[in-house]
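S.K.: Sending over a structure as structure tokens; questions will come in a sec.
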Amino acid sequence: MSRDHAVVVGCSFAGLGAARMLSELYTHVTVVERDELTQTWSPRRGVPQSPHVHGIPQLGRTLLAEILPGFVDRAKEHGAVMFDQLHDGASWGLYGWSARGRSRAVGFGVRRALLEHVAREMVLELPAVSVLHGRAEHLLASGDTVTGVRVRTTDDHLVDLAADLVVDASGKGTAAPGWLEREGFAIPQETTVNGFVGYASRWLEIPEDAWPGDYRFISQLPRPQWPRGGILYPQDNGLYVMSLFGHAHHYPPGEDGEFVDFLTGCATPLMHHVVSRAKPVSGISRSRSTANRRRHYERLDAVPAGFVAVGDALASFNPIFGQGISSGLKGATVLAETLRAADGDDAAVPARFYRDFTAWLDTPWNQAIGFDLAFSTTTGPRPDPTPERRAAARHADVLAQMSTVDHEVAGAVLFANQSFDPSLLRTPELLAAVERWVAEERSPAVSDPARPPVPVS
Ligand SMILES: Cc1cc2nc3c(=O)[nH]c(=O)nc-3n(C[C@H](O)[C@H](O)[C@H](O)COP(=O)(O)OP(=O)(O)OC[C@H]3O[C@@H](n4cnc5c(N)ncnc54)[C@H](O)[C@@H]3O)c2cc1C
């Protein structure tokens with residue numbers, strides 16, 4: 001089937017992923033972006049989260065490598081560093097330090113703005129893809145079908161772009177539900193689960209002698225018993241980013257001295273030890289844009305034809321697990337698969353896409369809201385504690401205990417989370433190991449917060 005024109009609103013990760021995938025299926029793809037896209041990789045206004053730590057887990061890296069062959073190598077040429085999170089890092093979990101040793105859990109240390117720059121370069125050099133600089137303001141529609149977008153260009157002209165498909169990749173602040181309503185379509189219900197999480201981040205130069213051990217990455221996520229945490233993460237330019245996390249309204253501060261002091265309230269003193277010896281090389285950026293939010297297009301009785309939402313415009317998460325970019329890319333690939341299987345019925349594609357993709361989204365969504373709902377201060381609907389959910393929570397809890405003594409279990413948990421694949425935690429070997437742990441009434445290792453374990457070689 002020949003398809004002529006697709007319009008993608010938003011030139012960030014979900015938009016770039018969608019443009020790349022649609023370039024195989026449409027003669028032309030126009031990406032509409034309101035920000036100026038510079039040749040450098042400085043943070044830009046439309047992506048205020050850019051200065052904060054951005055981990056790209058296994059799934060995201062695999063998708064980037066698949067849809068943009070050579071992406072990882074290009075990022076490495078710019079200085080992106082890959083490291084074994086478990087062997088080269090110190091991670092404080094629910095029961096103390098993770099055991100350390102070789103694993104498949106790879107960290108990808110790179111500034112988000114650089115990653116986006118490399119992806120943009122690769123997508124915008126595709127012959128079918130072009131950019132229109134301007135702000136999408138409305139949808140065009142006819143009957144039950146979206147037929148295009150009205151754009152106010154940066155030089156203040158109104159342009160109507162007719163399209164066979166409009167993709168909303170304009171991020172969590174999308175105005176598209178309002179645009180749909182204005183054209184007479186029903187709008188999706190929303191679910192919001194808010195853990196009231198704040199981030200504060202800055203880049204640091206860290207002298208070698210500031211590290212008290214052989215690790216070059218430290219992480220401790222907030223938990224109800226210690227709502228302050230953070231990640232100290234290597235970057236492409238030889239620097240480190242320190243992102244402070246405060247859960248349950250414990251928002252981290254934006255002032256110099258207080259930034260370091262915040263770390264004294266963490267479960268481990270290590271981040272404070274290193275950061276107080278480091279030289280700040282940037283200001284402090286803050287974000288509270290961390291609520292989990294889903295727009296349930298899949299529940300609409302009549303899903304508009306000719307329009308789909310992807311990326312944060314469809315579902316956004318508390319970013320602590322670094323799921324946003326991977327989910328946006330996954331949505332772009334599922335959209336392309338749905339179009340390929342359309343068999344001449346493109347009008348049915350949006351409904352089929354939402355049905356299939358939102359089932360997949362349940363995995364990152366449940367992980368993110370499960371984490372947030374452990375705090376009594378979190379607002380939003382709490383899923384009923386079914387026997388299956390209780391059993392899954394118990395399994396995860398035992399694996400967290402085992403992770404303190406067994407680096408292979410710790411590595412398997414990290415890798416499954418990074419792959420968004422909980423089935424990897426239900427292998428016969430892991431199920432048997434969990435059963436043995438419970439039968440033998442074993443306890444987690446006792447951790448010294450100032451001294452992570454040495455890696456098993
Ligand atoms: C503090 C913080 C830390 C994070 N850490 C991670 C992490 O470690 N790993 C991870 O994967 N994710 C992380 N995320 C989430 C990640 O940043 C987002 O999931 C991701 O950027 C979403 O991509 P997107 O393309 O859907 O939307 P966005 O990145 O929000 O981009 C939307 C684009 O649309 C453009 N736009 C908006 N409206 C219009 C319009 N009307 N017309 C034209 N253009 C428009 C914007 O300018 C922008 O370019 C983090 C988020 C936050 C807040």
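Every chain in the structure tokens takes a letter, A first, then B, and so on in the order presented; its residues are numbered from 1, and the ligands are numbered from 1 following the presented order.
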Give the alpha helix (DSSP H) residues of stretch 17-124 of chain A, as assigned by DSSP on the backbone, as a PyMOL selection string.
M.R.: chain A and resi 17-22+58-67+71-77+112-124
S.K.: Using the selection just defined, write its residues with C-alpha atoms as a PDB file, in the first residue's frame.
M.R.:
```
ATOM      1  CA  GLY A  17      11.905   7.126  16.628  1.00  0.00           C
ATOM      2  CA  ALA A  18       8.519   7.544  14.922  1.00  0.00           C
ATOM      3  CA  ALA A  19       9.999   9.550  12.020  1.00  0.00           C
ATOM      4  CA  ARG A  20      12.651   6.883  11.483  1.00  0.00           C
ATOM      5  CA  MET A  21      10.125   4.037  11.460  1.00  0.00           C
ATOM      6  CA  LEU A  22       7.567   5.884   9.309  1.00  0.00           C
ATOM      7  CA  GLN A  58      19.284  -2.304  27.697  1.00  0.00           C
ATOM      8  CA  LEU A  59      15.940  -2.092  25.859  1.00  0.00           C
ATOM      9  CA  GLY A  60      16.516   1.487  24.726  1.00  0.00           C
ATOM     10  CA  ARG A  61      20.060   0.781  23.568  1.00  0.00           C
ATOM     11  CA  THR A  62      18.928  -2.308  21.664  1.00  0.00           C
ATOM     12  CA  LEU A  63      16.132  -0.366  19.947  1.00  0.00           C
ATOM     13  CA  LEU A  64      18.432   2.538  19.105  1.00  0.00           C
ATOM     14  CA  ALA A  65      20.997   0.138  17.637  1.00  0.00           C
ATOM     15  CA  GLU A  66      18.273  -1.627  15.613  1.00  0.00           C
ATOM     16  CA  ILE A  67      16.534   1.401  14.178  1.00  0.00           C
ATOM     17  CA  PHE A  71      24.095   4.847  16.852  1.00  0.00           C
ATOM     18  CA  VAL A  72      25.955   3.423  19.845  1.00  0.00           C
ATOM     19  CA  ASP A  73      29.324   3.682  18.071  1.00  0.00           C
ATOM     20  CA  ARG A  74      28.632   7.288  17.054  1.00  0.00           C
ATOM     21  CA  ALA A  75      27.735   8.156  20.653  1.00  0.00           C
ATOM     22  CA  LYS A  76      30.938   6.436  21.822  1.00  0.00           C
ATOM     23  CA  GLU A  77      32.961   8.449  19.288  1.00  0.00           C
ATOM     24  CA  ARG A 112      21.045  13.375  27.178  1.00  0.00           C
ATOM     25  CA  ALA A 113      21.489  16.389  24.896  1.00  0.00           C
ATOM     26  CA  LEU A 114      24.351  14.609  23.136  1.00  0.00           C
ATOM     27  CA  LEU A 115      22.320  11.424  22.679  1.00  0.00           C
ATOM     28  CA  GLU A 116      19.455  13.400  21.235  1.00  0.00           C
ATOM     29  CA  HIS A 117      21.838  15.276  18.950  1.00  0.00           C
ATOM     30  CA  VAL A 118      23.286  12.035  17.550  1.00  0.00           C
ATOM     31  CA  ALA A 119      19.805  10.524  17.014  1.00  0.00           C
ATOM     32  CA  ARG A 120      18.615  13.731  15.349  1.00  0.00           C
ATOM     33  CA  GLU A 121      21.599  13.834  13.007  1.00  0.00           C
ATOM     34  CA  MET A 122      20.947  10.250  11.929  1.00  0.00           C
ATOM     35  CA  VAL A 123      17.167  10.617  11.445  1.00  0.00           C
ATOM     36  CA  LEU A 124      17.200  13.984   9.728  1.00  0.00           C
TER      37      LEU A 124
END
```
S.K.: I'd like the contact shell of A:His247 - 12 Å cut-off, only C-alpha atoms, skipping same-chain residues fewer than 4 positions apart - returned as a ChimeraX atom specification.
M.R.: /A:194-200,221-230,251-252,266,288,290-291,318-320,371-378
S.K.: Using C-alpha atoms, can you export the residues from the last selection as a tab-separated table (two decimals), in the first residue's frame?
M.R.:
```tsv
chain	number	residue	atom	x	y	z
A	194	ASN	CA	2.15	11.17	41.86
A	195	GLY	CA	4.94	10.34	44.30
A	196	PHE	CA	5.93	14.02	44.61
A	197	VAL	CA	9.49	13.36	43.55
A	198	GLY	CA	12.01	16.13	42.94
A	199	TYR	CA	15.36	16.06	41.11
A	200	ALA	CA	18.28	18.45	41.43
A	221	LEU	CA	17.05	5.19	45.23
A	222	PRO	CA	14.68	6.78	47.74
A	223	ARG	CA	12.60	4.41	49.87
A	224	PRO	CA	9.99	5.14	52.54
A	225	GLN	CA	12.63	4.66	55.29
A	226	TRP	CA	15.07	7.08	53.57
A	227	PRO	CA	13.19	9.36	51.13
A	228	ARG	CA	16.43	11.02	49.96
A	229	GLY	CA	18.65	9.40	47.37
A	230	GLY	CA	20.63	10.02	44.25
A	251	TYR	CA	12.45	18.10	47.24
A	252	PRO	CA	16.19	18.60	46.85
A	266	CYS	CA	20.92	9.50	52.30
A	288	ARG	CA	9.43	18.18	39.78
A	290	THR	CA	7.92	13.33	37.76
A	291	ALA	CA	4.31	12.14	38.15
A	318	ASN	CA	8.56	8.74	37.48
A	319	PRO	CA	11.95	8.85	35.71
A	320	ILE	CA	13.88	7.12	38.49
A	371	PHE	CA	7.76	1.96	43.47
A	372	ASP	CA	5.86	5.20	44.16
A	373	LEU	CA	2.90	3.57	45.90
A	374	ALA	CA	5.23	2.14	48.56
A	375	PHE	CA	5.14	5.71	49.96
A	376	SER	CA	1.95	6.54	51.87
A	377	THR	CA	2.12	10.14	50.58
A	378	THR	CA	1.70	9.08	46.93
```
S.K.: Residues of stretch 246-341 of chain A within 12 Å of stretch 410-426 of chain A: nearest atom pair and distance (Å, one decimal) for each, counting only C-alpha atoms, sorted by chain and number, as CSV?
M.R.:
```
residue,atom,partner,partner_atom,distance
A:Phe321,CA,A:Asn417,CA,8.4
A:Gly322,CA,A:Gln418,CA,8.8
A:Gln323,CA,A:Gln418,CA,8.5
A:Gly324,CA,A:Phe420,CA,11.7
A:Ser326,CA,A:Phe420,CA,9.3
A:Ser327,CA,A:Phe420,CA,9.4
A:Lys330,CA,A:Phe420,CA,10.8
```
S.K.: Mind writing the picked residues with N, CA and C atoms as a compact mmCIF listing (two decimals), in the first residue's frame?
M.R.:
```txt
# COMPACT_ATOMS: atom_id res chain seq x y z
N PHE A 321 13.53 5.08 37.15
CA PHE A 321 14.00 3.85 36.49
C PHE A 321 14.45 4.08 35.05
N GLY A 322 14.44 5.33 34.59
CA GLY A 322 14.96 5.63 33.25
C GLY A 322 14.20 4.91 32.13
N GLN A 323 12.86 4.95 32.19
CA GLN A 323 12.08 4.15 31.23
C GLN A 323 11.54 4.94 30.05
N GLY A 324 11.59 6.30 30.14
CA GLY A 324 10.84 7.13 29.20
C GLY A 324 11.29 6.99 27.76
N SER A 326 13.14 4.67 26.29
CA SER A 326 12.96 3.31 25.76
C SER A 326 11.49 3.08 25.40
N SER A 327 10.58 3.54 26.24
CA SER A 327 9.15 3.33 25.96
C SER A 327 8.73 4.10 24.72
N LYS A 330 10.03 2.16 21.80
CA LYS A 330 9.25 0.92 21.64
C LYS A 330 7.90 1.24 20.97
```
S.K.: Let me have all residues with an atom within 7 Å of ligand 1, counting only C-alpha atoms and all ligand atoms, laid out as an mmCIF file with N, CA and C atoms, in the first residue's frame.
M.R.:
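File out.cif, as written:
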```cif
data_model
loop_
_atom_site.group_PDB
_atom_site.id
_atom_site.type_symbol
_atom_site.label_atom_id
_atom_site.label_comp_id
_atom_site.auth_asym_id
_atom_site.auth_seq_id
_atom_site.Cartn_x
_atom_site.Cartn_y
_atom_site.Cartn_z
ATOM 1 N N VAL A 9 4.611 15.392 15.389
ATOM 2 C CA VAL A 9 4.749 16.629 16.175
ATOM 3 C C VAL A 9 5.731 16.365 17.314
ATOM 4 N N GLY A 10 6.894 17.027 17.281
ATOM 5 C CA GLY A 10 7.891 16.858 18.333
ATOM 6 C C GLY A 10 9.121 16.135 17.814
ATOM 7 N N CYS A 11 10.278 16.777 17.982
ATOM 8 C CA CYS A 11 11.525 16.213 17.456
ATOM 9 C C CYS A 11 12.440 15.814 18.607
ATOM 10 N N SER A 12 11.863 15.070 19.584
ATOM 11 C CA SER A 12 12.699 14.517 20.643
ATOM 12 C C SER A 12 12.748 13.005 20.391
ATOM 13 N N PHE A 13 12.974 12.198 21.435
ATOM 14 C CA PHE A 13 13.218 10.779 21.163
ATOM 15 C C PHE A 13 12.036 10.046 20.551
ATOM 16 N N ALA A 14 10.821 10.252 21.094
ATOM 17 C CA ALA A 14 9.676 9.518 20.535
ATOM 18 C C ALA A 14 9.418 9.982 19.102
ATOM 19 N N GLY A 15 9.545 11.288 18.861
ATOM 20 C CA GLY A 15 9.321 11.819 17.516
ATOM 21 C C GLY A 15 10.375 11.327 16.538
ATOM 22 N N VAL A 32 7.449 18.292 12.952
ATOM 23 C CA VAL A 32 7.185 19.675 13.345
ATOM 24 C C VAL A 32 7.808 19.903 14.719
ATOM 25 N N GLU A 33 8.664 20.889 14.838
ATOM 26 C CA GLU A 33 9.331 21.144 16.132
ATOM 27 C C GLU A 33 9.354 22.646 16.398
ATOM 28 N N ARG A 34 8.910 23.010 17.599
ATOM 29 C CA ARG A 34 8.818 24.442 17.941
ATOM 30 C C ARG A 34 10.165 25.027 18.368
ATOM 31 N N ASP A 35 11.069 24.174 18.890
ATOM 32 C CA ASP A 35 12.376 24.677 19.334
ATOM 33 C C ASP A 35 13.316 24.844 18.150
ATOM 34 N N ARG A 45 14.942 24.460 25.335
ATOM 35 C CA ARG A 45 13.783 24.815 26.140
ATOM 36 C C ARG A 45 12.702 23.737 26.177
ATOM 37 N N GLY A 46 12.456 23.103 25.030
ATOM 38 C CA GLY A 46 11.379 22.109 24.950
ATOM 39 C C GLY A 46 11.688 20.826 25.702
ATOM 40 N N VAL A 47 12.946 20.664 26.153
ATOM 41 C CA VAL A 47 13.324 19.449 26.875
ATOM 42 C C VAL A 47 14.039 19.872 28.173
ATOM 43 N N GLN A 49 14.214 18.652 30.960
ATOM 44 C CA GLN A 49 14.792 17.554 31.762
ATOM 45 C C GLN A 49 16.201 17.189 31.324
ATOM 46 N N SER A 50 16.673 17.838 30.253
ATOM 47 C CA SER A 50 17.948 17.453 29.653
ATOM 48 C C SER A 50 19.149 17.434 30.609
ATOM 49 N N HIS A 52 19.414 16.546 33.603
ATOM 50 C CA HIS A 52 19.384 15.512 34.643
ATOM 51 C C HIS A 52 19.931 14.199 34.093
ATOM 52 N N VAL A 53 20.338 13.316 35.026
ATOM 53 C CA VAL A 53 20.890 12.035 34.589
ATOM 54 C C VAL A 53 19.894 11.352 33.659
ATOM 55 N N HIS A 54 20.393 10.845 32.549
ATOM 56 C CA HIS A 54 19.555 10.071 31.633
ATOM 57 C C HIS A 54 20.239 8.742 31.352
ATOM 58 N N GLY A 55 19.773 7.706 32.034
ATOM 59 C CA GLY A 55 20.264 6.365 31.737
ATOM 60 C C GLY A 55 19.449 5.786 30.587
ATOM 61 N N ILE A 56 20.120 5.118 29.661
ATOM 62 C CA ILE A 56 19.394 4.449 28.579
ATOM 63 C C ILE A 56 19.591 2.959 28.790
ATOM 64 N N GLY A 134 8.187 25.164 13.800
ATOM 65 C CA GLY A 134 6.991 25.890 14.193
ATOM 66 C C GLY A 134 6.243 25.115 15.259
ATOM 67 N N ARG A 135 5.135 25.694 15.678
ATOM 68 C CA ARG A 135 4.347 25.105 16.765
ATOM 69 C C ARG A 135 3.052 24.546 16.185
ATOM 70 N N ALA A 136 2.801 23.277 16.402
ATOM 71 C CA ALA A 136 1.507 22.713 15.992
ATOM 72 C C ALA A 136 0.434 23.346 16.871
ATOM 73 N N GLU A 137 -0.627 23.825 16.267
ATOM 74 C CA GLU A 137 -1.647 24.527 17.068
ATOM 75 C C GLU A 137 -3.001 23.830 17.077
ATOM 76 N N ALA A 169 3.993 13.388 19.281
ATOM 77 C CA ALA A 169 5.177 13.051 20.090
ATOM 78 C C ALA A 169 5.632 14.332 20.781
ATOM 79 N N SER A 170 4.650 15.108 21.271
ATOM 80 C CA SER A 170 4.990 16.431 21.794
ATOM 81 C C SER A 170 5.191 16.425 23.310
ATOM 82 N N GLY A 171 5.342 15.225 23.890
ATOM 83 C CA GLY A 171 5.748 15.160 25.292
ATOM 84 C C GLY A 171 4.573 15.187 26.257
ATOM 85 N N LYS A 172 4.917 15.139 27.564
ATOM 86 C CA LYS A 172 3.873 14.975 28.573
ATOM 87 C C LYS A 172 2.934 16.175 28.647
ATOM 88 N N THR A 174 1.543 17.622 26.219
ATOM 89 C CA THR A 174 0.828 17.687 24.939
ATOM 90 C C THR A 174 -0.516 18.417 25.041
ATOM 91 N N ALA A 175 -0.818 19.182 23.998
ATOM 92 C CA ALA A 175 -2.124 19.848 23.944
ATOM 93 C C ALA A 175 -3.099 19.050 23.079
ATOM 94 N N TYR A 199 13.972 16.295 41.532
ATOM 95 C CA TYR A 199 15.355 16.064 41.113
ATOM 96 C C TYR A 199 16.113 17.379 41.252
ATOM 97 N N SER A 287 13.892 19.713 38.847
ATOM 98 C CA SER A 287 12.672 19.270 38.159
ATOM 99 C C SER A 287 11.737 18.609 39.165
ATOM 100 N N SER A 289 8.855 17.414 37.579
ATOM 101 C CA SER A 289 7.962 16.899 36.543
ATOM 102 C C SER A 289 8.082 15.379 36.501
ATOM 103 N N THR A 290 7.586 14.732 37.552
ATOM 104 C CA THR A 290 7.918 13.327 37.763
ATOM 105 C C THR A 290 6.707 12.429 38.020
ATOM 106 N N VAL A 310 2.337 8.916 20.969
ATOM 107 C CA VAL A 310 3.439 8.036 21.411
ATOM 108 C C VAL A 310 4.281 8.782 22.456
ATOM 109 N N GLY A 311 5.219 8.069 23.056
ATOM 110 C CA GLY A 311 6.152 8.696 24.004
ATOM 111 C C GLY A 311 5.427 9.245 25.221
ATOM 112 N N ASP A 312 5.990 10.302 25.788
ATOM 113 C CA ASP A 312 5.402 10.877 26.998
ATOM 114 C C ASP A 312 3.994 11.403 26.755
ATOM 115 N N ALA A 313 3.645 11.724 25.514
ATOM 116 C CA ALA A 313 2.291 12.195 25.224
ATOM 117 C C ALA A 313 1.270 11.099 25.508
ATOM 118 N N SER A 316 3.842 8.773 30.692
ATOM 119 C CA SER A 316 5.124 9.213 31.252
ATOM 120 C C SER A 316 5.240 8.644 32.657
ATOM 121 N N PRO A 319 10.787 9.233 36.532
ATOM 122 C CA PRO A 319 11.952 8.851 35.714
ATOM 123 C C PRO A 319 13.031 8.063 36.444
ATOM 124 N N ILE A 320 12.814 7.737 37.706
ATOM 125 C CA ILE A 320 13.880 7.117 38.491
ATOM 126 C C ILE A 320 14.394 5.810 37.869
ATOM 127 N N PHE A 321 13.533 5.077 37.146
ATOM 128 C CA PHE A 321 13.995 3.845 36.491
ATOM 129 C C PHE A 321 14.447 4.078 35.046
ATOM 130 N N GLY A 322 14.443 5.329 34.589
ATOM 131 C CA GLY A 322 14.957 5.626 33.250
ATOM 132 C C GLY A 322 14.202 4.910 32.133
ATOM 133 N N GLN A 323 12.861 4.949 32.185
ATOM 134 C CA GLN A 323 12.077 4.152 31.231
ATOM 135 C C GLN A 323 11.537 4.945 30.049
ATOM 136 N N GLY A 324 11.587 6.301 30.141
ATOM 137 C CA GLY A 324 10.836 7.125 29.200
ATOM 138 C C GLY A 324 11.291 6.989 27.756
ATOM 139 N N ILE A 325 12.592 7.103 27.521
ATOM 140 C CA ILE A 325 13.087 7.089 26.141
ATOM 141 C C ILE A 325 12.856 5.715 25.525
ATOM 142 N N SER A 326 13.143 4.672 26.290
ATOM 143 C CA SER A 326 12.960 3.313 25.762
ATOM 144 C C SER A 326 11.494 3.075 25.399
ATOM 145 N N GLY A 328 9.261 5.314 24.553
ATOM 146 C CA GLY A 328 8.936 6.099 23.356
ATOM 147 C C GLY A 328 9.423 5.388 22.096
#
```
S.K.: Extract, using only C-alpha atoms, all DNA, RNA and protein residues at most 10 Å from A:Asp448, discarding same-chain residues fewer than 2 positions from it, and format them as a list in words.
M.R.: Gly96, Trp97, Thr268, Ala445, Val446, Ala450, Arg451, Pro452 and Pro453 of chain A
S.K.: Could the residues in this selection be written to a file with C-alpha atoms, as a compact mmCIF listing (two decimals), in the first residue's frame?
M.R.:
```txt
# COMPACT_ATOMS: atom_id res chain seq x y z
CA GLY A 96 21.64 -2.63 51.56
CA TRP A 97 24.49 -2.97 49.07
CA THR A 268 24.90 5.81 52.41
CA ALA A 445 23.87 -9.60 54.18
CA VAL A 446 24.49 -6.91 56.77
CA ALA A 450 30.19 3.42 54.06
CA ARG A 451 31.76 0.29 52.54
CA PRO A 452 30.30 -1.45 49.47
CA PRO A 453 31.41 -5.05 48.96
```
S.K.: Which parts of stretch 255-396 of chain A does DSSP call strand (DSSP E) when run on the backbone here, written out as number ranges by chain?
M.R.: A: 279-280, 285-287, 292-296, 307-309, 315-316
S.K.: Output as JSON lines one row per residue of stretch 293-408 of chain A within 9 Å of stretch 143-158 of chain A: the closest atom pair and its distance in Å to one decimal place, counting only C-alpha atoms, sorted by chain and residue number ascending.
M.R.:
```
{"residue": "A:Ala302", "atom": "CA", "partner": "A:Asp144", "partner_atom": "CA", "distance": 8.4}
{"residue": "A:Val303", "atom": "CA", "partner": "A:Asp144", "partner_atom": "CA", "distance": 8.5}
{"residue": "A:Pro304", "atom": "CA", "partner": "A:Thr145", "partner_atom": "CA", "distance": 5.7}
{"residue": "A:Ala305", "atom": "CA", "partner": "A:Thr145", "partner_atom": "CA", "distance": 4.6}
{"residue": "A:Gly306", "atom": "CA", "partner": "A:Val146", "partner_atom": "CA", "distance": 4.9}
{"residue": "A:Phe307", "atom": "CA", "partner": "A:Val146", "partner_atom": "CA", "distance": 6.0}
{"residue": "A:Ala347", "atom": "CA", "partner": "A:Thr145", "partner_atom": "CA", "distance": 7.9}
```
S.K.: Would you mind exporting C-alpha atoms of the selected residues as a PDB file, in the first residue's frame?
M.R.:
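After the write, out-v6.pdb holds the following:
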```pdb
ATOM      1  CA  ALA A 302     -14.340   5.496  18.955  1.00  0.00           C
ATOM      2  CA  VAL A 303     -10.597   5.944  18.477  1.00  0.00           C
ATOM      3  CA  PRO A 304      -9.984   8.724  15.921  1.00  0.00           C
ATOM      4  CA  ALA A 305      -8.486   7.445  12.659  1.00  0.00           C
ATOM      5  CA  GLY A 306      -5.356   9.139  11.317  1.00  0.00           C
ATOM      6  CA  PHE A 307      -3.914  10.071  14.741  1.00  0.00           C
ATOM      7  CA  ALA A 347      -8.302   3.579   9.666  1.00  0.00           C
TER       8      ALA A 347
END
```
S.K.: Here is a test: counting only C-alpha atoms, which residue of A:Ala278, A:Glu125, A:His249, A:Pro43 is nearest to A:Leu68?
M.R.: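 Using only C-alpha atoms, the shortest distance to A:Leu68 belongs to A:Glu125.
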S.K.: With distances taken over only C-alpha atoms, which of A:Ala267, A:Pro212, A:Val7, A:Asp397 is nearest to A:Asp160?
M.R.: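 Closest to A:Asp160, using only C-alpha atoms: A:Val7.
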S.K.: Can you work out the spacing between atom CA of A:Leu329 and atom CA of A:Ser285 in Å, to one decimal?
M.R.: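 Separating atom CA of A:Leu329 from atom CA of A:Ser285 is a distance of 25.8 Å.
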S.K.: Could you give me, as a list in words, the residues within 7 Å of A:Ser201, counting only C-alpha atoms and dropping anything in the same chain fewer than 3 positions from it?
M.R.: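 Neighbouring residues, sequence-local ones excluded: Pro51, His52, Val241, Met242, Ser243, Leu244, Ile284, Ser285 and Arg286 of chain A.
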S.K.: As an exercise, work out the distance from atom CA of A:Ser219 to atom CA of A:Gly93 in Å and give it to one decimal place.
M.R.: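 We find that atom CA of A:Ser219 and atom CA of A:Gly93 lie 8.5 Å from each other.
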S.K.: Can you measure atom CA of A:Gln189 to atom CA of A:Arg355 for me? One decimal in Å is fine.
M.R.: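 Computing it gives 14.9 Å between the two atoms.
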S.K.: Please provide the set of residues having any atom within 9 Å of A:Gly238, restricted to only C-alpha atoms, with same-chain residues fewer than 4 positions apart removed, written as a PyMOL selection string.
M.R.: chain A and resi 79+205-206+234
S.K.: Let me make sure I understand: among A:Trp203, A:Glu36, A:Arg293, A:Ala105, which one has the smallest atom-to-atom distance to A:His133 if we use only C-alpha atoms?
M.R.: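 Looking only at the distances to A:His133, the closest residue turns out to be A:Glu36.
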S.K.: For the contact check between stretch 107-201 of chain A and stretch 357-367 of chain A, emit one row per residue of stretch 107-201 of chain A within 12 Å, containing the shortest atom pair and the distance in Å rounded to one decimal, counting only C-alpha atoms, chain then rising number order, as CSV.
M.R.:
```
residue,atom,partner,partner_atom,distance
A:Thr191,CA,A:Trp365,CA,10.9
A:Thr192,CA,A:Trp365,CA,10.9
A:Val193,CA,A:Trp365,CA,10.0
```
S.K.: Output C-alpha atoms for every residue in that selection, as a PDB file, in the first residue's frame.
M.R.:
```
ATOM      1  CA  THR A 191      -4.591   8.202  35.297  1.00  0.00           C
ATOM      2  CA  THR A 192      -2.042  10.057  37.410  1.00  0.00           C
ATOM      3  CA  VAL A 193       0.005   8.540  40.219  1.00  0.00           C
TER       4      VAL A 193
END
```
